Amino acid sequence: MNDANGAALDDIEAAFARLAPAIKERMAHNARKFHPELRGAGFSVLRAVLLCALRRPGEDLTVSDLVAGCHMDKSVVSRQLKDLKQWGLIQLERSEHDARVYLVSPTEFALDRFKEIKRSTRSEYWNIFAAWDPRDVSELASLLLRFSEQVEERFRD
């Protein structure tokens, strides 16, 4: 790696350092829109449940799937599911095929609230990127997705 790449990496690190607090605050703000006591780990679990329901409608989501997908300890996910169910954000039911397996799905309230939050967020992004060339937005999306997948892969190992 040469000095130019080193400078670029410094710029990337600085940009992420500037973005991290804003992203953390947005996540906390969005979590509170579901329930005033919902915090980080619970919001991550809820978001995984919601995204699964929207991206793969009709497919079962098990607690084991969530544990693997959220990269959290089973006891942490179980505690979050208990709260999410108590707050009316998810449903838990035993599988018809295996009574040891619990299936997780979002409630209509949670789905509706998530769609509302997505519309609001999408509108904010449209405003931010309004002056950008659409190809730049597409390239940014592609690069960020590739980067995040590599980071996730590295932390899984």
# chains A, B, ... in the order shown; residues from 1 in each chain; ligands from 1

call {"tool": "select_by_dssp", "arguments": {"residues": "chain A", "states": "alpha helix (DSSP H)", "output": "ChimeraX atom specification"}}
result
/A:3-34,40-55,63-70,74-86,108-129,134-156

call {"tool": "residues_around", "arguments": {"residues": "A:Ile90", "least_positions_apart": "5", "cutoff": "10 Å", "atoms": "only C-alpha atoms", "output": "ChimeraX atom specification"}}
result
/A:46,49-50,81-85,104-111

call {"tool": "residues_around", "arguments": {"residues": "A:Ile117", "least_positions_apart": "6", "cutoff": "12 Å", "atoms": "only C-alpha atoms", "output": "ChimeraX atom specification"}}
result
/A:26-27,29-34,47,110-111,123-124

call {"tool": "atom_distance", "arguments": {"atom1": "atom CA of A:Val77", "atom2": "atom CA of A:Gln150"}}
result
23.9 Å

call {"tool": "atom_distance", "arguments": {"atom1": "atom CA of A:Ala48", "atom2": "atom CA of A:Gly69"}}
result
7.7 Å

call {"tool": "residues_around", "arguments": {"residues": "stretch 60-63 of chain A", "least_positions_apart": "3", "cutoff": "6 Å", "atoms": "only C-alpha atoms", "output": "ChimeraX atom specification"}}
result
/A:66,102-104

call {"tool": "select_by_dssp", "arguments": {"residues": "chain A", "states": "strand (DSSP E)", "output": "number ranges by chain"}}
result
A: 90-94, 102-106

call {"tool": "atom_distance", "arguments": {"atom1": "atom CA of A:Arg55", "atom2": "atom CA of A:Glu116"}}
result
16.5 Å

call {"tool": "closest_residue", "arguments": {"among": "A:Ala7, A:Ala141, A:Ala53, A:Val45", "to": "A:Val67", "atoms": "only C-alpha atoms"}}
result
A:Val45
